[in-house]
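Q: Enclosed is the structure file target08.pdb (PDB, C-alpha atoms, pLDDT in the B column).
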```pdb
ATOM      1  CA  MET A   1       3.644  14.909 -12.448  1.00 57.00           C
ATOM      2  CA  ASN A   2       3.334  13.364  -8.969  1.00 82.00           C
ATOM      3  CA  SER A   3       0.756  16.010  -8.130  1.00 91.00           C
ATOM      4  CA  HIS A   4      -1.348  14.945 -11.107  1.00 94.00           C
ATOM      5  CA  ILE A   5      -1.080  11.285 -10.121  1.00 95.00           C
ATOM      6  CA  GLU A   6      -2.131  12.028  -6.541  1.00 96.00           C
ATOM      7  CA  GLN A   7      -5.042  14.146  -7.706  1.00 96.00           C
ATOM      8  CA  ILE A   8      -6.250  11.470 -10.132  1.00 97.00           C
ATOM      9  CA  GLN A   9      -5.980   8.810  -7.415  1.00 97.00           C
ATOM     10  CA  ASP A  10      -7.746  11.009  -4.839  1.00 97.00           C
ATOM     11  CA  ASN A  11     -10.517  11.777  -7.319  1.00 98.00           C
ATOM     12  CA  THR A  12     -10.887   8.098  -8.207  1.00 98.00           C
ATOM     13  CA  ASN A  13     -10.982   7.040  -4.554  1.00 97.00           C
ATOM     14  CA  HIS A  14     -13.477   9.786  -3.702  1.00 97.00           C
ATOM     15  CA  LEU A  15     -15.938   8.593  -6.340  1.00 98.00           C
ATOM     16  CA  VAL A  16     -15.485   4.888  -5.560  1.00 97.00           C
ATOM     17  CA  THR A  17     -15.902   5.485  -1.813  1.00 96.00           C
ATOM     18  CA  PHE A  18     -19.082   7.440  -2.456  1.00 96.00           C
ATOM     19  CA  LEU A  19     -20.419   4.640  -4.643  1.00 96.00           C
ATOM     20  CA  GLU A  20     -19.820   2.008  -1.948  1.00 93.00           C
ATOM     21  CA  ASN A  21     -22.639   3.555   0.087  1.00 89.00           C
ATOM     22  CA  LEU A  22     -24.897   4.400  -2.838  1.00 91.00           C
ATOM     23  CA  ASP A  23     -28.346   2.833  -2.789  1.00 88.00           C
ATOM     24  CA  LEU A  24     -29.951   3.192  -6.214  1.00 87.00           C
ATOM     25  CA  SER A  25     -33.367   2.410  -4.750  1.00 84.00           C
ATOM     26  CA  ASN A  26     -33.293   5.969  -3.368  1.00 79.00           C
ATOM     27  CA  GLU A  27     -32.826   7.490  -6.824  1.00 83.00           C
ATOM     28  CA  LYS A  28     -35.416  10.098  -7.702  1.00 80.00           C
ATOM     29  CA  PRO A  29     -37.275   9.447 -10.951  1.00 79.00           C
ATOM     30  CA  THR A  30     -35.638  11.015 -13.995  1.00 78.00           C
ATOM     31  CA  LYS A  31     -37.279  13.811 -15.919  1.00 78.00           C
ATOM     32  CA  ASP A  32     -37.346  13.930 -19.712  1.00 76.00           C
ATOM     33  CA  GLN A  33     -33.850  14.054 -21.194  1.00 75.00           C
ATOM     34  CA  GLU A  34     -32.191  13.394 -17.793  1.00 87.00           C
ATOM     35  CA  TRP A  35     -29.727  10.593 -17.318  1.00 92.00           C
ATOM     36  CA  SER A  36     -30.107   7.994 -14.586  1.00 93.00           C
ATOM     37  CA  ILE A  37     -27.303   7.619 -12.034  1.00 95.00           C
ATOM     38  CA  LEU A  38     -25.916   4.626 -13.935  1.00 96.00           C
ATOM     39  CA  GLU A  39     -25.970   6.676 -17.139  1.00 96.00           C
ATOM     40  CA  ILE A  40     -24.154   9.538 -15.398  1.00 96.00           C
ATOM     41  CA  LEU A  41     -21.496   7.063 -14.263  1.00 98.00           C
ATOM     42  CA  GLU A  42     -21.217   5.677 -17.785  1.00 98.00           C
ATOM     43  CA  HIS A  43     -20.801   9.234 -19.093  1.00 98.00           C
ATOM     44  CA  ILE A  44     -17.930   9.823 -16.644  1.00 98.00           C
ATOM     45  CA  TYR A  45     -16.222   6.652 -17.837  1.00 98.00           C
ATOM     46  CA  ILE A  46     -16.645   7.190 -21.573  1.00 98.00           C
ATOM     47  CA  THR A  47     -15.571  10.821 -21.222  1.00 98.00           C
ATOM     48  CA  ASP A  48     -12.405   9.774 -19.366  1.00 98.00           C
ATOM     49  CA  ARG A  49     -11.610   7.202 -22.056  1.00 97.00           C
ATOM     50  CA  GLY A  50     -12.375   9.567 -24.899  1.00 97.00           C
ATOM     51  CA  ILE A  51     -10.171  12.289 -23.464  1.00 97.00           C
ATOM     52  CA  TYR A  52      -7.350   9.855 -22.759  1.00 96.00           C
ATOM     53  CA  ASN A  53      -7.522   8.496 -26.307  1.00 95.00           C
ATOM     54  CA  MET A  54      -7.479  12.012 -27.748  1.00 95.00           C
ATOM     55  CA  LEU A  55      -4.537  13.056 -25.571  1.00 93.00           C
ATOM     56  CA  SER A  56      -2.607   9.979 -26.673  1.00 92.00           C
ATOM     57  CA  LYS A  57      -2.658  11.207 -30.268  1.00 91.00           C
ATOM     58  CA  PRO A  58       0.022  13.512 -31.662  1.00 90.00           C
ATOM     59  CA  THR A  59      -0.549  17.223 -32.122  1.00 93.00           C
ATOM     60  CA  ASP A  60       1.564  19.983 -33.591  1.00 93.00           C
ATOM     61  CA  LEU A  61       0.196  22.561 -31.161  1.00 95.00           C
ATOM     62  CA  VAL A  62       2.400  23.299 -28.149  1.00 95.00           C
ATOM     63  CA  ALA A  63       1.831  25.881 -25.417  1.00 96.00           C
ATOM     64  CA  GLU A  64       4.467  28.137 -23.927  1.00 95.00           C
ATOM     65  CA  SER A  65       3.422  27.100 -20.419  1.00 94.00           C
ATOM     66  CA  ASP A  66       2.186  23.966 -18.649  1.00 94.00           C
ATOM     67  CA  GLU A  67      -1.370  25.283 -18.421  1.00 95.00           C
ATOM     68  CA  ILE A  68      -3.583  27.526 -20.509  1.00 96.00           C
ATOM     69  CA  ALA A  69      -6.896  27.309 -18.665  1.00 95.00           C
ATOM     70  CA  GLY A  70      -5.452  26.285 -15.305  1.00 94.00           C
ATOM     71  CA  LYS A  71      -6.795  24.330 -12.375  1.00 95.00           C
ATOM     72  CA  GLY A  72      -8.657  27.242 -10.779  1.00 95.00           C
ATOM     73  CA  LYS A  73     -10.489  28.282 -13.932  1.00 95.00           C
ATOM     74  CA  LEU A  74     -11.520  24.717 -14.739  1.00 96.00           C
ATOM     75  CA  GLU A  75     -12.764  24.162 -11.196  1.00 95.00           C
ATOM     76  CA  HIS A  76     -14.753  27.401 -11.403  1.00 95.00           C
ATOM     77  CA  ILE A  77     -16.318  26.523 -14.762  1.00 95.00           C
ATOM     78  CA  LEU A  78     -17.044  22.860 -14.034  1.00 95.00           C
ATOM     79  CA  ILE A  79     -17.993  23.050 -10.351  1.00 94.00           C
ATOM     80  CA  ASN A  80     -18.971  26.582  -9.357  1.00 92.00           C
ATOM     81  CA  LYS A  81     -20.863  27.202 -12.604  1.00 91.00           C
ATOM     82  CA  ARG A  82     -22.419  23.758 -12.686  1.00 87.00           C
ATOM     83  CA  ALA A  83     -25.797  25.303 -13.479  1.00 84.00           C
ATOM     84  CA  ASN A  84     -24.448  26.103 -16.952  1.00 87.00           C
ATOM     85  CA  LYS A  85     -25.211  22.941 -18.896  1.00 86.00           C
ATOM     86  CA  VAL A  86     -23.393  21.918 -22.066  1.00 86.00           C
ATOM     87  CA  LYS A  87     -24.770  19.235 -24.370  1.00 88.00           C
ATOM     88  CA  SER A  88     -22.327  16.340 -24.565  1.00 90.00           C
ATOM     89  CA  PRO A  89     -21.009  15.291 -27.953  1.00 92.00           C
ATOM     90  CA  ASP A  90     -22.832  12.187 -29.204  1.00 92.00           C
ATOM     91  CA  SER A  91     -19.808   9.973 -28.557  1.00 94.00           C
ATOM     92  CA  PHE A  92     -20.018  10.815 -24.828  1.00 95.00           C
ATOM     93  CA  VAL A  93     -23.751  10.201 -24.428  1.00 95.00           C
ATOM     94  CA  PRO A  94     -24.396   7.046 -22.371  1.00 95.00           C
ATOM     95  CA  LYS A  95     -25.908   4.020 -24.065  1.00 95.00           C
ATOM     96  CA  GLY A  96     -27.031   2.197 -20.902  1.00 93.00           C
ATOM     97  CA  ILE A  97     -24.228  -0.370 -20.727  1.00 95.00           C
ATOM     98  CA  TYR A  98     -24.096  -0.595 -16.918  1.00 95.00           C
ATOM     99  CA  LYS A  99     -26.762  -2.568 -15.108  1.00 93.00           C
ATOM    100  CA  ASP A 100     -25.276  -2.022 -11.642  1.00 94.00           C
ATOM    101  CA  VAL A 101     -22.759   0.174  -9.830  1.00 95.00           C
ATOM    102  CA  ASP A 102     -20.252  -2.667  -9.337  1.00 95.00           C
ATOM    103  CA  SER A 103     -19.803  -3.196 -13.071  1.00 96.00           C
ATOM    104  CA  PHE A 104     -19.077   0.526 -13.466  1.00 97.00           C
ATOM    105  CA  LYS A 105     -16.643   0.552 -10.524  1.00 97.00           C
ATOM    106  CA  LYS A 106     -14.706  -2.403 -11.896  1.00 97.00           C
ATOM    107  CA  GLU A 107     -14.239  -0.845 -15.333  1.00 97.00           C
ATOM    108  CA  PHE A 108     -13.657   2.680 -13.999  1.00 98.00           C
ATOM    109  CA  LEU A 109     -11.015   1.536 -11.505  1.00 97.00           C
ATOM    110  CA  ALA A 110      -9.223  -0.566 -14.105  1.00 98.00           C
ATOM    111  CA  PHE A 111      -9.124   2.371 -16.518  1.00 98.00           C
ATOM    112  CA  ARG A 112      -8.016   4.962 -13.957  1.00 98.00           C
ATOM    113  CA  ASN A 113      -5.320   2.599 -12.620  1.00 97.00           C
ATOM    114  CA  ALA A 114      -4.056   1.989 -16.162  1.00 96.00           C
ATOM    115  CA  MET A 115      -3.986   5.740 -16.802  1.00 96.00           C
ATOM    116  CA  VAL A 116      -1.939   6.355 -13.647  1.00 96.00           C
ATOM    117  CA  ASP A 117       0.374   3.477 -14.565  1.00 95.00           C
ATOM    118  CA  ASP A 118       0.897   4.999 -18.018  1.00 94.00           C
ATOM    119  CA  ILE A 119       1.793   8.352 -16.437  1.00 94.00           C
ATOM    120  CA  ILE A 120       4.192   6.765 -13.932  1.00 93.00           C
ATOM    121  CA  ASN A 121       5.911   4.725 -16.644  1.00 92.00           C
ATOM    122  CA  GLU A 122       5.997   7.694 -19.036  1.00 88.00           C
ATOM    123  CA  ARG A 123       3.897   6.005 -21.692  1.00 88.00           C
ATOM    124  CA  PHE A 124       1.639   9.036 -21.283  1.00 89.00           C
ATOM    125  CA  LEU A 125       3.390  12.379 -20.926  1.00 88.00           C
ATOM    126  CA  ILE A 126       1.970  15.403 -19.163  1.00 91.00           C
ATOM    127  CA  ASP A 127       3.568  18.116 -21.229  1.00 91.00           C
ATOM    128  CA  GLN A 128       2.686  21.302 -23.076  1.00 95.00           C
ATOM    129  CA  ARG A 129       0.930  19.705 -26.037  1.00 95.00           C
ATOM    130  CA  ILE A 130      -2.401  21.308 -26.850  1.00 96.00           C
ATOM    131  CA  HIS A 131      -5.683  19.638 -27.729  1.00 96.00           C
ATOM    132  CA  LYS A 132      -8.868  21.636 -28.207  1.00 95.00           C
ATOM    133  CA  HIS A 133     -12.028  21.286 -26.163  1.00 94.00           C
ATOM    134  CA  PHE A 134     -15.197  21.856 -28.174  1.00 92.00           C
ATOM    135  CA  VAL A 135     -16.330  24.666 -25.826  1.00 92.00           C
ATOM    136  CA  LEU A 136     -13.306  25.717 -23.747  1.00 94.00           C
ATOM    137  CA  GLY A 137     -10.843  25.899 -26.621  1.00 94.00           C
ATOM    138  CA  GLU A 138      -7.137  25.126 -26.377  1.00 96.00           C
ATOM    139  CA  MET A 139      -6.001  23.172 -23.324  1.00 97.00           C
ATOM    140  CA  THR A 140      -2.698  21.561 -22.383  1.00 97.00           C
ATOM    141  CA  ILE A 141      -2.380  17.988 -21.134  1.00 96.00           C
ATOM    142  CA  SER A 142      -2.252  19.308 -17.572  1.00 96.00           C
ATOM    143  CA  ASP A 143      -5.460  21.272 -18.173  1.00 97.00           C
ATOM    144  CA  TRP A 144      -7.102  18.122 -19.499  1.00 97.00           C
ATOM    145  CA  ILE A 145      -6.107  16.174 -16.379  1.00 97.00           C
ATOM    146  CA  TYR A 146      -7.808  18.851 -14.274  1.00 97.00           C
ATOM    147  CA  PHE A 147     -10.784  18.702 -16.610  1.00 97.00           C
ATOM    148  CA  ILE A 148     -11.105  14.936 -16.041  1.00 98.00           C
ATOM    149  CA  ILE A 149     -11.005  15.457 -12.267  1.00 98.00           C
ATOM    150  CA  TYR A 150     -13.503  18.329 -12.152  1.00 97.00           C
ATOM    151  CA  HIS A 151     -15.759  16.694 -14.724  1.00 97.00           C
ATOM    152  CA  THR A 152     -16.009  13.695 -12.392  1.00 98.00           C
ATOM    153  CA  ASN A 153     -16.695  15.972  -9.410  1.00 97.00           C
ATOM    154  CA  ARG A 154     -19.319  17.889 -11.389  1.00 96.00           C
ATOM    155  CA  HIS A 155     -21.237  14.709 -12.073  1.00 95.00           C
ATOM    156  CA  LEU A 156     -20.749  13.422  -8.536  1.00 96.00           C
ATOM    157  CA  GLU A 157     -22.620  16.529  -7.369  1.00 94.00           C
ATOM    158  CA  GLN A 158     -25.307  15.756  -9.947  1.00 92.00           C
ATOM    159  CA  ILE A 159     -25.623  12.223  -8.554  1.00 94.00           C
ATOM    160  CA  LYS A 160     -25.930  13.564  -4.997  1.00 93.00           C
ATOM    161  CA  GLU A 161     -28.874  15.685  -6.131  1.00 88.00           C
ATOM    162  CA  ARG A 162     -30.579  12.574  -7.486  1.00 86.00           C
ATOM    163  CA  ILE A 163     -30.697  10.643  -4.213  1.00 87.00           C
TER     164      ILE A 163
END
```
What is this file in structure tokens?

A:
Amino acid sequence: MNSHIEQIQDNTNHLVTFLENLDLSNEKPTKDQEWSILEILEHIYITDRGIYNMLSKPTDLVAESDEIAGKGKLEHILINKRANKVKSPDSFVPKGIYKDVDSFKKEFLAFRNAMVDDIINERFLIDQRIHKHFVLGEMTISDWIYFIIYHTNRHLEQIKERI
């Protein structure tokens, strides 16, 4: 569990530190169907929240091990195979709620800190419960934590390409 907490905190700090030096005036114009940097950030946030809400719900499915997909496989799929695009479910498509990076950072940090606090205080358990991903299939809570981390990193790389 401590490993998951450290990885979530490192991932959060990595994104926030990057954003402190981000100048949106350098953003390349978007092509048709592409999200702006603020929309990418919104997508990261709403995906985190959506996953957390899903994982907080009960499920009857339980794995025999802590991971099904595993950290390495998720990193490979989400980072190394970043060229493979998957259309986000409608509920994770940004609506343009952020007008600046600071408003995103404030909400993102508050959410990630609350998530870590819930893990520390065992209001959110990292166990062998299974929830399905619409493309990747069955994943344990641990797998989903890795997914959150690598999903953020995937989109951080996308942002870097836009400036």

Q: Have a look at A:Glu42, A:Glu27, A:Glu75, A:Glu122 and name the one nearest to His151 in chain A; count all atoms listed in the file.

A: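 That would be A:Glu75, the residue with the smallest distance to His151 in chain A.
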
Q: Could you give me, as a PyMOL selection string, the residues that sit within 8 Å of (-6.9, 19.7, -14.0) in the file's coordinates, counting all atoms listed in the file?

A: chain A and resi 4+70-71+74-75+142-150

Q: Keeping C-alpha atoms, export the residues of the selection given above as a PDB file, in the frame of the given file.

A:
```pdb
ATOM      1  CA  HIS A   4      -1.348  14.945 -11.107  1.00 94.00           C
ATOM      2  CA  GLY A  70      -5.452  26.285 -15.305  1.00 94.00           C
ATOM      3  CA  LYS A  71      -6.795  24.330 -12.375  1.00 95.00           C
ATOM      4  CA  LEU A  74     -11.520  24.717 -14.739  1.00 96.00           C
ATOM      5  CA  GLU A  75     -12.764  24.162 -11.196  1.00 95.00           C
ATOM      6  CA  SER A 142      -2.252  19.308 -17.572  1.00 96.00           C
ATOM      7  CA  ASP A 143      -5.460  21.272 -18.173  1.00 97.00           C
ATOM      8  CA  TRP A 144      -7.102  18.122 -19.499  1.00 97.00           C
ATOM      9  CA  ILE A 145      -6.107  16.174 -16.379  1.00 97.00           C
ATOM     10  CA  TYR A 146      -7.808  18.851 -14.274  1.00 97.00           C
ATOM     11  CA  PHE A 147     -10.784  18.702 -16.610  1.00 97.00           C
ATOM     12  CA  ILE A 148     -11.105  14.936 -16.041  1.00 98.00           C
ATOM     13  CA  ILE A 149     -11.005  15.457 -12.267  1.00 98.00           C
ATOM     14  CA  TYR A 150     -13.503  18.329 -12.152  1.00 97.00           C
TER      15      TYR A 150
END
```

Q: Under the rule that only C-alpha atoms are counted, which of A:Val16, A:Ile37, A:Ile77, A:Ile120 is the nearest residue to Tyr98 in chain A?

A: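 Between A:Val16, A:Ile37, A:Ile77, A:Ile120, the residue approaching Tyr98 in chain A most closely is A:Ile37.
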
Q: Edge lengths and centre, in Å to one decimal, as lines of an AutoDock Vina configuration file: that's what I need for the box along x, y and z that holds all listed atoms of range 48-51 of chain A plus 6 Å on each side.

A:
```
center_x = -11.3
center_y = 9.7
center_z = -22.1
size_x = 14.2
size_y = 17.1
size_z = 17.5
```

Q: Which residues match the PyMOL selection byres ((chain A and resi 104-118) around 12) in the file above, as a short mmCIF file (atom, residue, chain, number, x, y, z; two decimals) with C-alpha atoms, in the coordinates of the input?

A:
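To be explicit, this is the file written out as result-v7.cif:
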```cif
data_model
loop_
_atom_site.label_atom_id
_atom_site.label_comp_id
_atom_site.auth_asym_id
_atom_site.auth_seq_id
_atom_site.Cartn_x
_atom_site.Cartn_y
_atom_site.Cartn_z
CA MET A 1 3.64 14.91 -12.45
CA ASN A 2 3.33 13.36 -8.97
CA SER A 3 0.76 16.01 -8.13
CA HIS A 4 -1.35 14.94 -11.11
CA ILE A 5 -1.08 11.28 -10.12
CA GLU A 6 -2.13 12.03 -6.54
CA GLN A 7 -5.04 14.15 -7.71
CA ILE A 8 -6.25 11.47 -10.13
CA GLN A 9 -5.98 8.81 -7.42
CA ASP A 10 -7.75 11.01 -4.84
CA ASN A 11 -10.52 11.78 -7.32
CA THR A 12 -10.89 8.10 -8.21
CA ASN A 13 -10.98 7.04 -4.55
CA HIS A 14 -13.48 9.79 -3.70
CA LEU A 15 -15.94 8.59 -6.34
CA VAL A 16 -15.48 4.89 -5.56
CA THR A 17 -15.90 5.48 -1.81
CA PHE A 18 -19.08 7.44 -2.46
CA LEU A 19 -20.42 4.64 -4.64
CA GLU A 20 -19.82 2.01 -1.95
CA LEU A 22 -24.90 4.40 -2.84
CA ILE A 37 -27.30 7.62 -12.03
CA LEU A 38 -25.92 4.63 -13.94
CA GLU A 39 -25.97 6.68 -17.14
CA ILE A 40 -24.15 9.54 -15.40
CA LEU A 41 -21.50 7.06 -14.26
CA GLU A 42 -21.22 5.68 -17.78
CA HIS A 43 -20.80 9.23 -19.09
CA ILE A 44 -17.93 9.82 -16.64
CA TYR A 45 -16.22 6.65 -17.84
CA ILE A 46 -16.64 7.19 -21.57
CA THR A 47 -15.57 10.82 -21.22
CA ASP A 48 -12.40 9.77 -19.37
CA ARG A 49 -11.61 7.20 -22.06
CA GLY A 50 -12.38 9.57 -24.90
CA ILE A 51 -10.17 12.29 -23.46
CA TYR A 52 -7.35 9.86 -22.76
CA ASN A 53 -7.52 8.50 -26.31
CA LEU A 55 -4.54 13.06 -25.57
CA SER A 56 -2.61 9.98 -26.67
CA GLY A 96 -27.03 2.20 -20.90
CA ILE A 97 -24.23 -0.37 -20.73
CA TYR A 98 -24.10 -0.60 -16.92
CA LYS A 99 -26.76 -2.57 -15.11
CA ASP A 100 -25.28 -2.02 -11.64
CA VAL A 101 -22.76 0.17 -9.83
CA ASP A 102 -20.25 -2.67 -9.34
CA SER A 103 -19.80 -3.20 -13.07
CA ILE A 119 1.79 8.35 -16.44
CA ILE A 120 4.19 6.76 -13.93
CA ASN A 121 5.91 4.72 -16.64
CA GLU A 122 6.00 7.69 -19.04
CA ARG A 123 3.90 6.00 -21.69
CA PHE A 124 1.64 9.04 -21.28
CA LEU A 125 3.39 12.38 -20.93
CA ILE A 126 1.97 15.40 -19.16
CA ILE A 145 -6.11 16.17 -16.38
CA ILE A 148 -11.10 14.94 -16.04
CA ILE A 149 -11.00 15.46 -12.27
CA THR A 152 -16.01 13.70 -12.39
#
```

Q: By how many Å are CA of Ser91 in chain A and CA of Lys132 in chain A apart?

A: 16.0 Å

Q: Separation of CA of Met139 in chain A and CA of Leu61 in chain A, in Å?

A: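 Interatomic distance, CA of Met139 in chain A to CA of Leu61 in chain A: 10.0 Å.
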
Q: Using N, CA and C atoms, give me range 53-86 of chain A from the structure I just pasted, as an mmCIF file, in the first residue's frame.

A:
```cif
data_model
loop_
_atom_site.group_PDB
_atom_site.id
_atom_site.type_symbol
_atom_site.label_atom_id
_atom_site.label_comp_id
_atom_site.auth_asym_id
_atom_site.auth_seq_id
_atom_site.Cartn_x
_atom_site.Cartn_y
_atom_site.Cartn_z
ATOM 1 N N ASN A 53 -14.448 6.804 -8.303
ATOM 2 C CA ASN A 53 -15.855 6.555 -7.971
ATOM 3 C C ASN A 53 -16.252 5.121 -8.299
ATOM 4 N N MET A 54 -15.802 4.616 -9.437
ATOM 5 C CA MET A 54 -16.109 3.238 -9.809
ATOM 6 C C MET A 54 -15.491 2.260 -8.811
ATOM 7 N N LEU A 55 -14.233 2.498 -8.453
ATOM 8 C CA LEU A 55 -13.531 1.587 -7.547
ATOM 9 C C LEU A 55 -14.108 1.621 -6.136
ATOM 10 N N SER A 56 -14.811 2.676 -5.810
ATOM 11 C CA SER A 56 -15.421 2.794 -4.485
ATOM 12 C C SER A 56 -16.717 1.997 -4.374
ATOM 13 N N LYS A 57 -17.195 1.506 -5.506
ATOM 14 C CA LYS A 57 -18.442 0.729 -5.508
ATOM 15 C C LYS A 57 -18.145 -0.752 -5.291
ATOM 16 N N PRO A 58 -19.084 -1.468 -4.705
ATOM 17 C CA PRO A 58 -18.865 -2.900 -4.466
ATOM 18 C C PRO A 58 -18.855 -3.700 -5.770
ATOM 19 N N THR A 59 -18.191 -4.831 -5.716
ATOM 20 C CA THR A 59 -18.168 -5.772 -6.828
ATOM 21 C C THR A 59 -18.059 -7.178 -6.257
ATOM 22 N N ASP A 60 -18.646 -8.118 -6.946
ATOM 23 C CA ASP A 60 -18.554 -9.512 -6.507
ATOM 24 C C ASP A 60 -17.334 -10.213 -7.092
ATOM 25 N N LEU A 61 -16.683 -9.569 -8.049
ATOM 26 C CA LEU A 61 -15.528 -10.188 -8.699
ATOM 27 C C LEU A 61 -14.271 -9.964 -7.873
ATOM 28 N N VAL A 62 -13.542 -11.047 -7.618
ATOM 29 C CA VAL A 62 -12.304 -10.969 -6.839
ATOM 30 C C VAL A 62 -11.242 -11.812 -7.539
ATOM 31 N N ALA A 63 -10.048 -11.248 -7.670
ATOM 32 C CA ALA A 63 -8.939 -11.954 -8.310
ATOM 33 C C ALA A 63 -8.224 -12.846 -7.308
ATOM 34 N N GLU A 64 -7.449 -13.774 -7.838
ATOM 35 C CA GLU A 64 -6.649 -14.646 -6.980
ATOM 36 C C GLU A 64 -5.320 -13.999 -6.605
ATOM 37 N N SER A 65 -4.976 -12.910 -7.294
ATOM 38 C CA SER A 65 -3.721 -12.218 -7.007
ATOM 39 C C SER A 65 -3.979 -10.716 -6.933
ATOM 40 N N ASP A 66 -2.968 -9.967 -6.509
ATOM 41 C CA ASP A 66 -3.110 -8.519 -6.353
ATOM 42 C C ASP A 66 -3.246 -7.796 -7.689
ATOM 43 N N GLU A 67 -2.678 -8.382 -8.735
ATOM 44 C CA GLU A 67 -2.707 -7.751 -10.052
ATOM 45 C C GLU A 67 -3.106 -8.768 -11.111
ATOM 46 N N ILE A 68 -3.805 -8.292 -12.113
ATOM 47 C CA ILE A 68 -4.118 -9.107 -13.286
ATOM 48 C C ILE A 68 -3.280 -8.596 -14.455
ATOM 49 N N ALA A 69 -3.422 -7.320 -14.766
ATOM 50 C CA ALA A 69 -2.651 -6.722 -15.852
ATOM 51 C C ALA A 69 -1.208 -6.483 -15.410
ATOM 52 N N GLY A 70 -1.034 -5.859 -14.276
ATOM 53 C CA GLY A 70 0.301 -5.587 -13.748
ATOM 54 C C GLY A 70 0.863 -4.258 -14.213
ATOM 55 N N LYS A 71 1.754 -3.743 -13.408
ATOM 56 C CA LYS A 71 2.373 -2.441 -13.644
ATOM 57 C C LYS A 71 3.089 -2.384 -14.994
ATOM 58 N N GLY A 72 3.897 -3.397 -15.281
ATOM 59 C CA GLY A 72 4.683 -3.397 -16.515
ATOM 60 C C GLY A 72 3.824 -3.394 -17.768
ATOM 61 N N LYS A 73 2.790 -4.213 -17.773
ATOM 62 C CA LYS A 73 1.909 -4.288 -18.941
ATOM 63 C C LYS A 73 1.165 -2.971 -19.135
ATOM 64 N N LEU A 74 0.683 -2.388 -18.054
ATOM 65 C CA LEU A 74 -0.045 -1.123 -18.170
ATOM 66 C C LEU A 74 0.871 0.003 -18.631
ATOM 67 N N GLU A 75 2.096 0.020 -18.135
ATOM 68 C CA GLU A 75 3.056 1.023 -18.602
ATOM 69 C C GLU A 75 3.311 0.841 -20.096
ATOM 70 N N HIS A 76 3.490 -0.397 -20.520
ATOM 71 C CA HIS A 76 3.754 -0.683 -21.932
ATOM 72 C C HIS A 76 2.589 -0.218 -22.810
ATOM 73 N N ILE A 77 1.375 -0.567 -22.414
ATOM 74 C CA ILE A 77 0.197 -0.211 -23.208
ATOM 75 C C ILE A 77 -0.030 1.300 -23.224
ATOM 76 N N LEU A 78 0.046 1.932 -22.064
ATOM 77 C CA LEU A 78 -0.313 3.347 -21.964
ATOM 78 C C LEU A 78 0.805 4.302 -22.367
ATOM 79 N N ILE A 79 2.050 3.890 -22.188
ATOM 80 C CA ILE A 79 3.173 4.784 -22.491
ATOM 81 C C ILE A 79 3.882 4.362 -23.779
ATOM 82 N N ASN A 80 4.386 3.151 -23.808
ATOM 83 C CA ASN A 80 5.165 2.702 -24.966
ATOM 84 C C ASN A 80 4.326 2.587 -26.234
ATOM 85 N N LYS A 81 3.052 2.276 -26.084
ATOM 86 C CA LYS A 81 2.166 2.153 -27.247
ATOM 87 C C LYS A 81 1.200 3.341 -27.307
ATOM 88 N N ARG A 82 1.732 4.497 -26.968
ATOM 89 C CA ARG A 82 0.904 5.700 -26.914
ATOM 90 C C ARG A 82 0.317 6.070 -28.273
ATOM 91 N N ALA A 83 0.939 5.602 -29.336
ATOM 92 C CA ALA A 83 0.424 5.885 -30.677
ATOM 93 C C ALA A 83 -0.934 5.224 -30.906
ATOM 94 N N ASN A 84 -1.218 4.167 -30.169
ATOM 95 C CA ASN A 84 -2.526 3.508 -30.266
ATOM 96 C C ASN A 84 -3.544 4.339 -29.490
ATOM 97 N N LYS A 85 -4.418 4.984 -30.201
ATOM 98 C CA LYS A 85 -5.412 5.866 -29.581
ATOM 99 C C LYS A 85 -6.706 5.099 -29.322
ATOM 100 N N VAL A 86 -7.330 5.409 -28.196
ATOM 101 C CA VAL A 86 -8.620 4.830 -27.839
ATOM 102 C C VAL A 86 -9.576 5.986 -27.568
#
```
